[in-house]
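S.K.: The structure's right below; bear with me while I get my questions together.
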Amino acid sequence: MKDMTFTLTEEQRALKAAVYELCKQYPPEYWRELDAKREYPDAFINELTKAGYLAALIPHEYGGAGLGIVEGGLILEEINRSGGNAGACHAQMYIMGTVLRHGSEAQKNGYLPKIATGELRLQAFGVTEPNSGSDTTKLQTTAIKKGDRYIVNGQKMFISRVLQSDLMLLLARTTPVDQVVKKTDGLSVFLVDIRGLKGFEVRPLRMMMNHSTNALFFDNVEIPADSLIGQEGKGFSYILDGMNAERILVASDSLGDGRWFIEKAVAYSSQRVIFGRPIGANQGVQFPIAKAHMAIEAADLMRTKAAKLFDAGEPCGPEANMAKYLAAEAAWDAGNACIDAHGGYGYAEEYDVERKFREARLYKTAPINNNLVMAYVGEHVLGMPRSY
Ligand SMILES: Cc1cc2nc3c(=O)[nH]c(=O)nc-3n(C[C@H](O)[C@H](O)[C@H](O)COP(=O)(O)OP(=O)(O)OC[C@H]3O[C@@H](n4cnc5c(N)ncnc54)[C@H](O)[C@@H]3O)c2cc1C
């Protein structure tokens, strides 16, 4: 077993500090303006890519930094702790793992170096559909092989960053569900070059937060057969393989949000004087902040445990799921404590609390709902009867 201590190395502390420094060049006004216009943070993402942070998990041989999920998590956490929104770039870190683990040498050599330099962006991950939601194996988008092509038909819902990506990882059914032994069979993953794709329509959705989210329509879309990742019909297991990374990285987003809320709430309530004393001296204001801080610290321990297990190649499903749940709930509690501490100002756009509040809320729902995390823990960790 590799290092399982919970302190950061000197390199990890330096990485955190460097990411935070870069983020500080993108002040609250930058994120506020983009939020109002629902625009993508292109300048920030380009700089982050140029600095190599988005290629943290790509191995050296493909032009990346060859770091682990511990470091990937620290990068995302610092973006959110600084007041930014790592939701604009976190997917590249977790979906790229599917290409790395299951892609052919030609796919890895063809795409990963270009993803590392930023020449190609892979930020889109098409799983959710209007009629299947959390029940992924019921998805209805089909990819049928015809010669050297697959023909894709169907719809996807809530797929983020498609207009900002060159490539999308797509999950589609290649064998009808009534012709497979297990419903998880017959699903396949494709790495699709979506630039100028005929029959492919992207309809942006105005969401609660700035997340570049869309509905997608595939009408006889032809993709080259070599877009297939790994073996046909095994896609669901490839996606599952990537879930632990996704959970750990999203937990890191939430930890960053939680820390931003705590720092903001402490600063504001320590200087705001009402009834002749700082409001933070009142237990009604102070205790929810202290409680949220403890929850963030506890979630951080679980995130770090999950990340270290992951990097050591050990099983980490329970820890990754628990980290995602605990961090999302802790960030939400921190957000509520922060908005309460700010009184009316918590609702004013110029304080950024309401924006971060909307952004932090997402991780109770996506990429997997916290209800389903509890169902996982009940069934797979505690051995209780399956609920769905
Ligand atoms: C801003 C945003 C961005 C997103 N980006 C992406 C993306 O890039 N790619 C992508 O593929 N998806 C994306 N999603 C989709 C997201 O992953 C789904 O919303 C989520 O998986 C839930 O699916 P659903 O919305 O259809 O909810 P449903 O599956 O319909 O569930 C609705 C509610 O019922 C609950 N529920 C359902 N079944 C059970 C059960 N058995 N037990 C207990 N509770 C249950 C759920 O927990 C949830 O609270 C995004 C969503 C949002 C909001």
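Going through the structure tokens in order, the chains are called A, B, and so on, while each chain numbers its residues from 1 and the ligands are numbered from 1 in the order shown.
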Kindly work out which residues sit at most 6 Å from ligand 1, using only C-alpha atoms and all ligand atoms, and give the list as a PyMOL selection string.
M.R.: chain A and resi 124-128+133-134+158-160+211+213+366-369+371-372+387-388
S.K.: Give me, as JSON lines, the closest atom pair and its distance (Å, one decimal) for every residue of range 324-367 of chain A within a cut-off of 8 Å of range 258-274 of chain A, counting only C-alpha atoms, rows sorted by chain and rising number.
M.R.:
{"residue": "A:Ala327", "atom": "CA", "partner": "A:Gly258", "partner_atom": "CA", "distance": 8.0}
{"residue": "A:Ala330", "atom": "CA", "partner": "A:Gly258", "partner_atom": "CA", "distance": 6.7}
{"residue": "A:Ala331", "atom": "CA", "partner": "A:Gly258", "partner_atom": "CA", "distance": 4.1}
{"residue": "A:Trp332", "atom": "CA", "partner": "A:Gly258", "partner_atom": "CA", "distance": 7.4}
{"residue": "A:Ala334", "atom": "CA", "partner": "A:Gly258", "partner_atom": "CA", "distance": 5.5}
{"residue": "A:Gly335", "atom": "CA", "partner": "A:Phe261", "partner_atom": "CA", "distance": 5.7}
{"residue": "A:Ala337", "atom": "CA", "partner": "A:Ala265", "partner_atom": "CA", "distance": 7.4}
{"residue": "A:Cys338", "atom": "CA", "partner": "A:Ala265", "partner_atom": "CA", "distance": 4.8}
{"residue": "A:Ile339", "atom": "CA", "partner": "A:Ala265", "partner_atom": "CA", "distance": 7.9}
{"residue": "A:Ala341", "atom": "CA", "partner": "A:Ala265", "partner_atom": "CA", "distance": 6.1}
{"residue": "A:His342", "atom": "CA", "partner": "A:Tyr268", "partner_atom": "CA", "distance": 7.0}
{"residue": "A:Val353", "atom": "CA", "partner": "A:Phe261", "partner_atom": "CA", "distance": 7.5}
S.K.: Using Å and a single decimal, report how far CA of Ile115 in chain A sits from CA of Ala360 in chain A.
M.R.: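 These two atoms are separated by 27.3 Å.
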S.K.: Near Leu48 in chain A, counting only C-alpha atoms, which residues have an atom at most 12 Å away, once you skip same-chain residues fewer than 5 positions from it, shown as a VMD selection string?
M.R.: chain A and resid 18 to 23 25 to 26 41 to 43 53 to 56 75 to 76 79 86 88 to 90 116 to 118
S.K.: Any chance you could export the current selection's N, CA and C atoms as a PDB file, in the first residue's frame?
M.R.:
ATOM      1  N   ALA A  18       0.121  27.225  -6.208  1.00  0.00           N
ATOM      2  CA  ALA A  18       0.282  27.741  -7.575  1.00  0.00           C
ATOM      3  C   ALA A  18      -1.078  27.847  -8.277  1.00  0.00           C
ATOM      4  N   VAL A  19      -1.941  26.849  -8.054  1.00  0.00           N
ATOM      5  CA  VAL A  19      -3.274  26.894  -8.691  1.00  0.00           C
ATOM      6  C   VAL A  19      -4.065  28.077  -8.116  1.00  0.00           C
ATOM      7  N   TYR A  20      -3.982  28.234  -6.803  1.00  0.00           N
ATOM      8  CA  TYR A  20      -4.729  29.331  -6.156  1.00  0.00           C
ATOM      9  C   TYR A  20      -4.247  30.683  -6.699  1.00  0.00           C
ATOM     10  N   GLU A  21      -2.950  30.801  -6.882  1.00  0.00           N
ATOM     11  CA  GLU A  21      -2.351  32.038  -7.402  1.00  0.00           C
ATOM     12  C   GLU A  21      -2.886  32.340  -8.793  1.00  0.00           C
ATOM     13  N   LEU A  22      -2.930  31.298  -9.648  1.00  0.00           N
ATOM     14  CA  LEU A  22      -3.464  31.488 -11.006  1.00  0.00           C
ATOM     15  C   LEU A  22      -4.940  31.931 -10.936  1.00  0.00           C
ATOM     16  N   CYS A  23      -5.681  31.261 -10.060  1.00  0.00           N
ATOM     17  CA  CYS A  23      -7.126  31.551  -9.951  1.00  0.00           C
ATOM     18  C   CYS A  23      -7.376  32.984  -9.499  1.00  0.00           C
ATOM     19  N   GLN A  25      -6.071  35.539 -10.378  1.00  0.00           N
ATOM     20  CA  GLN A  25      -6.068  36.505 -11.487  1.00  0.00           C
ATOM     21  C   GLN A  25      -7.457  36.600 -12.145  1.00  0.00           C
ATOM     22  N   TYR A  26      -8.353  35.722 -11.722  1.00  0.00           N
ATOM     23  CA  TYR A  26      -9.733  35.737 -12.247  1.00  0.00           C
ATOM     24  C   TYR A  26     -10.668  36.062 -11.088  1.00  0.00           C
ATOM     25  N   PRO A  41     -16.044  30.110 -19.241  1.00  0.00           N
ATOM     26  CA  PRO A  41     -14.827  30.845 -18.850  1.00  0.00           C
ATOM     27  C   PRO A  41     -13.623  30.492 -19.723  1.00  0.00           C
ATOM     28  N   ASP A  42     -13.701  30.846 -20.994  1.00  0.00           N
ATOM     29  CA  ASP A  42     -12.666  30.456 -21.955  1.00  0.00           C
ATOM     30  C   ASP A  42     -11.258  30.889 -21.551  1.00  0.00           C
ATOM     31  N   ALA A  43     -11.126  32.164 -21.155  1.00  0.00           N
ATOM     32  CA  ALA A  43      -9.785  32.692 -20.840  1.00  0.00           C
ATOM     33  C   ALA A  43      -9.180  31.909 -19.680  1.00  0.00           C
ATOM     34  N   TYR A  53      -2.425  22.177 -15.889  1.00  0.00           N
ATOM     35  CA  TYR A  53      -3.213  21.614 -14.780  1.00  0.00           C
ATOM     36  C   TYR A  53      -4.307  20.659 -15.252  1.00  0.00           C
ATOM     37  N   LEU A  54      -4.862  20.933 -16.449  1.00  0.00           N
ATOM     38  CA  LEU A  54      -5.940  20.041 -16.904  1.00  0.00           C
ATOM     39  C   LEU A  54      -5.403  18.733 -17.470  1.00  0.00           C
ATOM     40  N   ALA A  55      -4.087  18.675 -17.653  1.00  0.00           N
ATOM     41  CA  ALA A  55      -3.469  17.429 -18.120  1.00  0.00           C
ATOM     42  C   ALA A  55      -2.798  16.715 -16.951  1.00  0.00           C
ATOM     43  N   ALA A  56      -3.179  17.087 -15.743  1.00  0.00           N
ATOM     44  CA  ALA A  56      -2.531  16.516 -14.548  1.00  0.00           C
ATOM     45  C   ALA A  56      -2.572  14.991 -14.564  1.00  0.00           C
ATOM     46  N   ILE A  75      -6.391  20.367  -7.375  1.00  0.00           N
ATOM     47  CA  ILE A  75      -6.518  21.423  -8.393  1.00  0.00           C
ATOM     48  C   ILE A  75      -7.965  21.930  -8.452  1.00  0.00           C
ATOM     49  N   LEU A  76      -8.917  20.987  -8.513  1.00  0.00           N
ATOM     50  CA  LEU A  76     -10.325  21.391  -8.611  1.00  0.00           C
ATOM     51  C   LEU A  76     -10.780  22.090  -7.330  1.00  0.00           C
ATOM     52  N   ILE A  79      -9.684  25.695  -7.304  1.00  0.00           N
ATOM     53  CA  ILE A  79     -10.458  26.558  -8.224  1.00  0.00           C
ATOM     54  C   ILE A  79     -11.725  27.024  -7.517  1.00  0.00           C
ATOM     55  N   ALA A  86     -15.059  25.059 -11.000  1.00  0.00           N
ATOM     56  CA  ALA A  86     -14.339  23.973 -11.682  1.00  0.00           C
ATOM     57  C   ALA A  86     -15.268  23.119 -12.539  1.00  0.00           C
ATOM     58  N   ALA A  88     -16.571  23.916 -15.046  1.00  0.00           N
ATOM     59  CA  ALA A  88     -16.274  24.212 -16.456  1.00  0.00           C
ATOM     60  C   ALA A  88     -15.216  23.273 -17.028  1.00  0.00           C
ATOM     61  N   CYS A  89     -14.496  22.575 -16.154  1.00  0.00           N
ATOM     62  CA  CYS A  89     -13.375  21.781 -16.679  1.00  0.00           C
ATOM     63  C   CYS A  89     -13.169  20.429 -15.996  1.00  0.00           C
ATOM     64  N   HIS A  90     -13.962  20.102 -14.976  1.00  0.00           N
ATOM     65  CA  HIS A  90     -13.657  18.889 -14.217  1.00  0.00           C
ATOM     66  C   HIS A  90     -13.829  17.592 -15.022  1.00  0.00           C
ATOM     67  N   ALA A 116      -3.750  17.115 -23.939  1.00  0.00           N
ATOM     68  CA  ALA A 116      -2.801  17.684 -22.970  1.00  0.00           C
ATOM     69  C   ALA A 116      -2.398  19.111 -23.345  1.00  0.00           C
ATOM     70  N   THR A 117      -2.187  19.354 -24.643  1.00  0.00           N
ATOM     71  CA  THR A 117      -1.761  20.715 -25.032  1.00  0.00           C
ATOM     72  C   THR A 117      -2.947  21.675 -25.136  1.00  0.00           C
ATOM     73  N   GLY A 118      -4.155  21.138 -25.180  1.00  0.00           N
ATOM     74  CA  GLY A 118      -5.323  22.007 -25.323  1.00  0.00           C
ATOM     75  C   GLY A 118      -5.748  22.153 -26.779  1.00  0.00           C
TER      76      GLY A 118
END
S.K.: How would you write, as JSON, numbers by chain, the set of residues in range 71-268 of chain A that DSSP gives as helix (DSSP H, G or I)?
M.R.: {"A": [71, 72, 73, 74, 75, 76, 77, 78, 79, 80, 81, 86, 87, 88, 90, 91, 92, 93, 94, 95, 96, 97, 98, 99, 100, 101, 102, 105, 106, 107, 108, 109, 110, 111, 112, 113, 114, 115, 116, 117, 136, 137, 138, 177, 178, 179, 225, 226, 227, 235, 236, 237, 238, 239, 240, 241, 242, 243, 244, 245, 246, 247, 248, 249, 250, 251, 252, 253, 254, 255, 256, 257, 258, 259, 260, 261, 262, 263, 264, 265, 266, 267, 268]}
S.K.: Name all residues at most 8 Å from Gln140 in chain A (count only C-alpha atoms; drop same-chain ones fewer than 5 positions away) and give them as a CSV table (one decimal) with N, CA, C and O atoms, in the first residue's frame.
M.R.:
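Wrote it out as around-v1.csv, contents follow:
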chain,number,residue,atom,x,y,z
A,129,GLU,N,-30.3,10.7,-20.3
A,129,GLU,CA,-31.4,10.8,-21.4
A,129,GLU,C,-32.7,11.2,-20.7
A,129,GLU,O,-32.9,10.9,-19.6
A,131,ASN,N,-35.7,10.0,-21.0
A,131,ASN,CA,-36.6,8.9,-20.5
A,131,ASN,C,-35.9,7.9,-19.6
A,131,ASN,O,-36.6,7.0,-19.1
A,132,SER,N,-34.6,8.1,-19.3
A,132,SER,CA,-34.0,7.0,-18.4
A,132,SER,C,-33.4,7.6,-17.2
A,132,SER,O,-33.3,7.0,-16.2
A,154,GLY,N,-31.1,9.2,-31.4
A,154,GLY,CA,-31.6,9.3,-30.1
A,154,GLY,C,-31.4,10.7,-29.5
A,154,GLY,O,-31.2,11.7,-30.3
A,155,GLN,N,-31.6,10.8,-28.2
A,155,GLN,CA,-31.6,12.1,-27.5
A,155,GLN,C,-30.8,12.0,-26.2
A,155,GLN,O,-30.8,10.9,-25.6
A,172,ALA,N,-24.0,4.7,-25.7
A,172,ALA,CA,-25.2,4.3,-26.6
A,172,ALA,C,-25.4,2.8,-26.6
A,172,ALA,O,-24.5,2.1,-26.3
A,173,ARG,N,-26.6,2.4,-26.9
A,173,ARG,CA,-26.9,1.0,-26.9
A,173,ARG,C,-26.6,0.4,-28.3
A,173,ARG,O,-27.1,0.9,-29.3
S.K.: Excluding same-chain residues fewer than 2 positions from Lys324 in chain A, what lies within 12 Å of it counting only C-alpha atoms, as an MDAnalysis selection string?
M.R.: chainID A and resid 73 243:255 296 298:304 306:307 317:322 326:331 362:374 377
S.K.: Dump C-alpha atoms for the selected residues as an mmCIF file, in the first residue's frame?
M.R.:
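And here's selection-v3.cif as it stands now:
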data_model
loop_
_atom_site.group_PDB
_atom_site.id
_atom_site.type_symbol
_atom_site.label_atom_id
_atom_site.label_comp_id
_atom_site.auth_asym_id
_atom_site.auth_seq_id
_atom_site.Cartn_x
_atom_site.Cartn_y
_atom_site.Cartn_z
ATOM 1 C CA GLY A 73 -8.676 16.790 -6.624
ATOM 2 C CA MET A 243 -17.098 6.462 -11.528
ATOM 3 C CA ASN A 244 -14.743 6.411 -8.562
ATOM 4 C CA ALA A 245 -12.545 9.080 -10.142
ATOM 5 C CA GLU A 246 -15.638 11.139 -10.922
ATOM 6 C CA ARG A 247 -16.947 10.887 -7.345
ATOM 7 C CA ILE A 248 -13.577 11.870 -5.830
ATOM 8 C CA LEU A 249 -13.113 14.828 -8.171
ATOM 9 C CA VAL A 250 -16.658 16.108 -7.678
ATOM 10 C CA ALA A 251 -16.199 15.765 -3.902
ATOM 11 C CA SER A 252 -13.174 18.009 -4.372
ATOM 12 C CA ASP A 253 -15.298 20.635 -6.172
ATOM 13 C CA SER A 254 -17.659 20.579 -3.174
ATOM 14 C CA LEU A 255 -14.831 20.851 -0.655
ATOM 15 C CA ILE A 296 -16.007 19.976 5.552
ATOM 16 C CA ALA A 298 -14.471 15.316 7.926
ATOM 17 C CA ALA A 299 -15.476 15.091 4.253
ATOM 18 C CA ASP A 300 -11.939 16.119 3.308
ATOM 19 C CA LEU A 301 -10.569 13.140 5.264
ATOM 20 C CA MET A 302 -12.883 10.781 3.381
ATOM 21 C CA ARG A 303 -11.994 12.394 0.028
ATOM 22 C CA THR A 304 -8.279 12.030 0.804
ATOM 23 C CA ALA A 306 -10.633 7.614 -1.304
ATOM 24 C CA ALA A 307 -8.074 9.422 -3.471
ATOM 25 C CA GLY A 317 -15.988 2.434 -4.273
ATOM 26 C CA PRO A 318 -17.400 2.926 -0.754
ATOM 27 C CA GLU A 319 -14.944 5.714 0.098
ATOM 28 C CA ALA A 320 -15.392 7.526 -3.236
ATOM 29 C CA ASN A 321 -19.184 7.444 -2.931
ATOM 30 C CA MET A 322 -19.161 8.477 0.725
ATOM 31 C CA LEU A 326 -20.379 13.976 2.548
ATOM 32 C CA ALA A 327 -18.663 16.782 0.644
ATOM 33 C CA ALA A 328 -21.812 17.802 -1.282
ATOM 34 C CA GLU A 329 -23.892 17.877 1.926
ATOM 35 C CA ALA A 330 -21.164 19.710 3.873
ATOM 36 C CA ALA A 331 -20.819 22.340 1.121
ATOM 37 C CA LEU A 362 -25.696 20.986 -8.175
ATOM 38 C CA TYR A 363 -23.475 18.377 -6.541
ATOM 39 C CA LYS A 364 -26.315 17.041 -4.400
ATOM 40 C CA THR A 365 -27.952 16.082 -7.732
ATOM 41 C CA ALA A 366 -25.218 15.489 -10.324
ATOM 42 C CA PRO A 367 -23.347 13.626 -11.619
ATOM 43 C CA ILE A 368 -25.216 11.203 -9.382
ATOM 44 C CA ASN A 369 -27.988 12.040 -6.966
ATOM 45 C CA ASN A 370 -27.194 11.684 -3.282
ATOM 46 C CA ASN A 371 -30.199 9.363 -2.930
ATOM 47 C CA LEU A 372 -28.473 6.904 -5.218
ATOM 48 C CA VAL A 373 -25.259 7.207 -3.229
ATOM 49 C CA MET A 374 -27.238 6.221 -0.127
ATOM 50 C CA VAL A 377 -24.030 2.380 0.596
#
S.K.: With only C-alpha atoms as the counted atoms, please give the residues lying no more than 10 Å from Ile151 in chain A, apart from itself and same-chain residues fewer than 2 positions off, as a list in words.
M.R.: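 Neighbouring residues, sequence-local ones excluded: Thr142, Ala143, Ile144, Lys145, Lys146, Arg149, Asn153, Thr174, Phe218, Asp219, Asn220, Val221, Glu222, Ile223, Pro224 and Ala225 of chain A.
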S.K.: Write the residues of the preceding selection, restricted to all heavy atoms, as a short mmCIF file (atom, residue, chain, number, x, y, z; two decimals), in the first residue's frame.
M.R.:
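Saved as selection.cif:
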data_model
loop_
_atom_site.label_atom_id
_atom_site.label_comp_id
_atom_site.auth_asym_id
_atom_site.auth_seq_id
_atom_site.Cartn_x
_atom_site.Cartn_y
_atom_site.Cartn_z
N THR A 142 -29.31 4.73 -29.77
CA THR A 142 -28.73 3.53 -30.37
C THR A 142 -27.56 3.89 -31.28
O THR A 142 -27.53 4.98 -31.86
CB THR A 142 -29.78 2.77 -31.21
OG1 THR A 142 -30.34 3.69 -32.16
CG2 THR A 142 -30.88 2.20 -30.35
N ALA A 143 -26.61 2.96 -31.38
CA ALA A 143 -25.51 3.10 -32.34
C ALA A 143 -25.44 1.76 -33.06
O ALA A 143 -25.11 0.74 -32.47
CB ALA A 143 -24.20 3.39 -31.62
N ILE A 144 -25.82 1.77 -34.31
CA ILE A 144 -25.89 0.52 -35.07
C ILE A 144 -24.77 0.49 -36.11
O ILE A 144 -24.62 1.43 -36.90
CB ILE A 144 -27.28 0.40 -35.80
CG1 ILE A 144 -28.43 0.55 -34.78
CG2 ILE A 144 -27.38 -0.91 -36.58
CD1 ILE A 144 -28.46 -0.46 -33.66
N LYS A 145 -24.02 -0.60 -36.11
CA LYS A 145 -22.86 -0.70 -37.01
C LYS A 145 -23.30 -0.99 -38.44
O LYS A 145 -24.11 -1.88 -38.69
CB LYS A 145 -21.92 -1.80 -36.52
CG LYS A 145 -20.59 -1.73 -37.23
CD LYS A 145 -19.48 -2.29 -36.39
CE LYS A 145 -18.17 -2.11 -37.13
NZ LYS A 145 -17.24 -3.15 -36.90
N LYS A 146 -22.74 -0.17 -39.37
CA LYS A 146 -22.99 -0.40 -40.82
C LYS A 146 -21.67 -0.21 -41.53
O LYS A 146 -21.19 0.92 -41.67
CB LYS A 146 -24.00 0.64 -41.35
CG LYS A 146 -25.44 0.31 -41.09
CD LYS A 146 -26.33 0.66 -42.31
CE LYS A 146 -27.73 0.15 -42.08
NZ LYS A 146 -28.69 1.20 -41.77
N ARG A 149 -18.88 2.32 -40.22
CA ARG A 149 -19.52 3.42 -39.48
C ARG A 149 -20.48 2.86 -38.44
O ARG A 149 -20.93 1.73 -38.55
CB ARG A 149 -20.37 4.32 -40.40
CG ARG A 149 -19.89 4.48 -41.80
CD ARG A 149 -19.65 5.92 -42.12
NE ARG A 149 -18.26 6.21 -41.86
CZ ARG A 149 -17.70 7.40 -41.73
NH1 ARG A 149 -18.44 8.46 -41.79
NH2 ARG A 149 -16.43 7.56 -41.51
N ASN A 153 -28.73 7.30 -33.32
CA ASN A 153 -30.03 7.95 -33.24
C ASN A 153 -30.47 8.05 -31.79
O ASN A 153 -30.27 7.10 -31.03
CB ASN A 153 -31.09 7.16 -34.03
CG ASN A 153 -31.02 7.44 -35.51
OD1 ASN A 153 -31.37 8.53 -35.97
ND2 ASN A 153 -30.52 6.47 -36.26
N THR A 174 -25.75 -0.61 -28.33
CA THR A 174 -25.40 -1.25 -29.61
C THR A 174 -26.13 -2.58 -29.80
O THR A 174 -26.19 -3.09 -30.90
CB THR A 174 -23.86 -1.46 -29.70
OG1 THR A 174 -23.36 -1.84 -28.42
CG2 THR A 174 -23.15 -0.18 -30.12
N PHE A 218 -29.67 13.31 -31.98
CA PHE A 218 -28.90 12.57 -32.99
C PHE A 218 -29.88 12.04 -34.03
O PHE A 218 -30.75 11.23 -33.69
CB PHE A 218 -28.18 11.37 -32.36
CG PHE A 218 -27.17 11.74 -31.30
CD1 PHE A 218 -27.58 11.97 -29.98
CD2 PHE A 218 -25.82 11.83 -31.59
CE1 PHE A 218 -26.66 12.29 -29.00
CE2 PHE A 218 -24.89 12.16 -30.61
CZ PHE A 218 -25.32 12.39 -29.31
N ASP A 219 -29.72 12.48 -35.27
CA ASP A 219 -30.62 12.03 -36.33
C ASP A 219 -29.78 11.37 -37.43
O ASP A 219 -29.20 12.07 -38.26
CB ASP A 219 -31.39 13.26 -36.86
CG ASP A 219 -32.37 12.89 -37.96
OD1 ASP A 219 -32.62 11.67 -38.16
OD2 ASP A 219 -32.86 13.80 -38.65
N ASN A 220 -29.69 10.05 -37.35
CA ASN A 220 -28.85 9.29 -38.31
C ASN A 220 -27.43 9.86 -38.39
O ASN A 220 -26.91 10.10 -39.49
CB ASN A 220 -29.49 9.27 -39.69
CG ASN A 220 -30.68 8.33 -39.73
OD1 ASN A 220 -30.62 7.23 -39.17
ND2 ASN A 220 -31.77 8.76 -40.35
N VAL A 221 -26.84 10.11 -37.24
CA VAL A 221 -25.48 10.66 -37.21
C VAL A 221 -24.48 9.53 -37.49
O VAL A 221 -24.51 8.49 -36.83
CB VAL A 221 -25.19 11.29 -35.82
CG1 VAL A 221 -23.73 11.70 -35.71
CG2 VAL A 221 -26.11 12.48 -35.57
N GLU A 222 -23.61 9.76 -38.46
CA GLU A 222 -22.62 8.73 -38.82
C GLU A 222 -21.30 9.03 -38.13
O GLU A 222 -20.77 10.14 -38.26
CB GLU A 222 -22.39 8.72 -40.34
CG GLU A 222 -23.59 8.20 -41.10
CD GLU A 222 -23.27 7.97 -42.57
OE1 GLU A 222 -22.09 7.83 -42.93
OE2 GLU A 222 -24.24 7.94 -43.35
N ILE A 223 -20.78 8.03 -37.41
CA ILE A 223 -19.46 8.20 -36.80
C ILE A 223 -18.56 7.04 -37.25
O ILE A 223 -19.06 5.91 -37.43
CB ILE A 223 -19.53 8.30 -35.25
CG1 ILE A 223 -20.22 7.07 -34.64
CG2 ILE A 223 -20.22 9.57 -34.79
CD1 ILE A 223 -20.15 7.00 -33.12
N PRO A 224 -17.27 7.28 -37.42
CA PRO A 224 -16.39 6.19 -37.85
C PRO A 224 -16.40 5.05 -36.85
O PRO A 224 -16.48 5.29 -35.63
CB PRO A 224 -15.00 6.84 -37.90
CG PRO A 224 -15.24 8.31 -37.84
CD PRO A 224 -16.56 8.55 -37.20
N ALA A 225 -16.31 3.81 -37.34
CA ALA A 225 -16.36 2.64 -36.45
C ALA A 225 -15.21 2.67 -35.44
O ALA A 225 -15.34 2.16 -34.32
CB ALA A 225 -16.31 1.36 -37.27
#
S.K.: Can you measure CA of Asp340 in chain A to CA of Met294 in chain A for me? One decimal in Å is fine.
M.R.: 17.7 Å
S.K.: Residues at most 8 Å from Leu167 in chain A, counting only C-alpha atoms, excluding those fewer than 3 positions away in the same chain, as a PDB file with C-alpha atoms, in the first residue's frame?
M.R.:
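Result saved to out.pdb:
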ATOM      1  CA  LEU A 120      -8.451  19.321 -28.487  1.00  0.00           C
ATOM      2  CA  ARG A 121     -10.978  19.691 -25.691  1.00  0.00           C
ATOM      3  CA  LEU A 122     -12.728  16.648 -24.217  1.00  0.00           C
ATOM      4  CA  GLN A 123     -15.160  18.112 -21.702  1.00  0.00           C
ATOM      5  CA  ALA A 124     -18.434  16.495 -22.835  1.00  0.00           C
ATOM      6  CA  LEU A 191     -15.056   8.882 -28.407  1.00  0.00           C
ATOM      7  CA  VAL A 192     -16.788  11.093 -30.932  1.00  0.00           C
ATOM      8  CA  ASP A 193     -15.254  13.995 -32.804  1.00  0.00           C
ATOM      9  CA  ILE A 194     -18.266  16.326 -32.709  1.00  0.00           C
ATOM     10  CA  ARG A 195     -16.844  19.061 -34.915  1.00  0.00           C
TER      11      ARG A 195
END
S.K.: Quick one: pick out all strand (DSSP E) residues within range 54-157 of chain A from a backbone DSSP run and write them as a list in words.
M.R.: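 Put together, the selection reads Leu122, Gln123, Ala124, Phe125, Gly126, Thr142, Ala143, Ile144, Lys145, Lys146, Arg149, Tyr150, Ile151, Val152, Asn153, Gly154, Gln155, Lys156 and Met157 of chain A.
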S.K.: Tell me, in Å to one decimal, how far CA of Glu119 in chain A is from CA of Lys37 in chain A.
M.R.: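 Between CA of Glu119 in chain A and CA of Lys37 in chain A the gap works out to 25.7 Å.
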S.K.: Between A:Thr137, A:Gln164, A:Thr175, A:Asn210, which one has atoms that come closest to Phe236 in chain A, using only C-alpha atoms?
M.R.: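 Between A:Thr137, A:Gln164, A:Thr175, A:Asn210, the residue approaching Phe236 in chain A most closely is A:Thr137.
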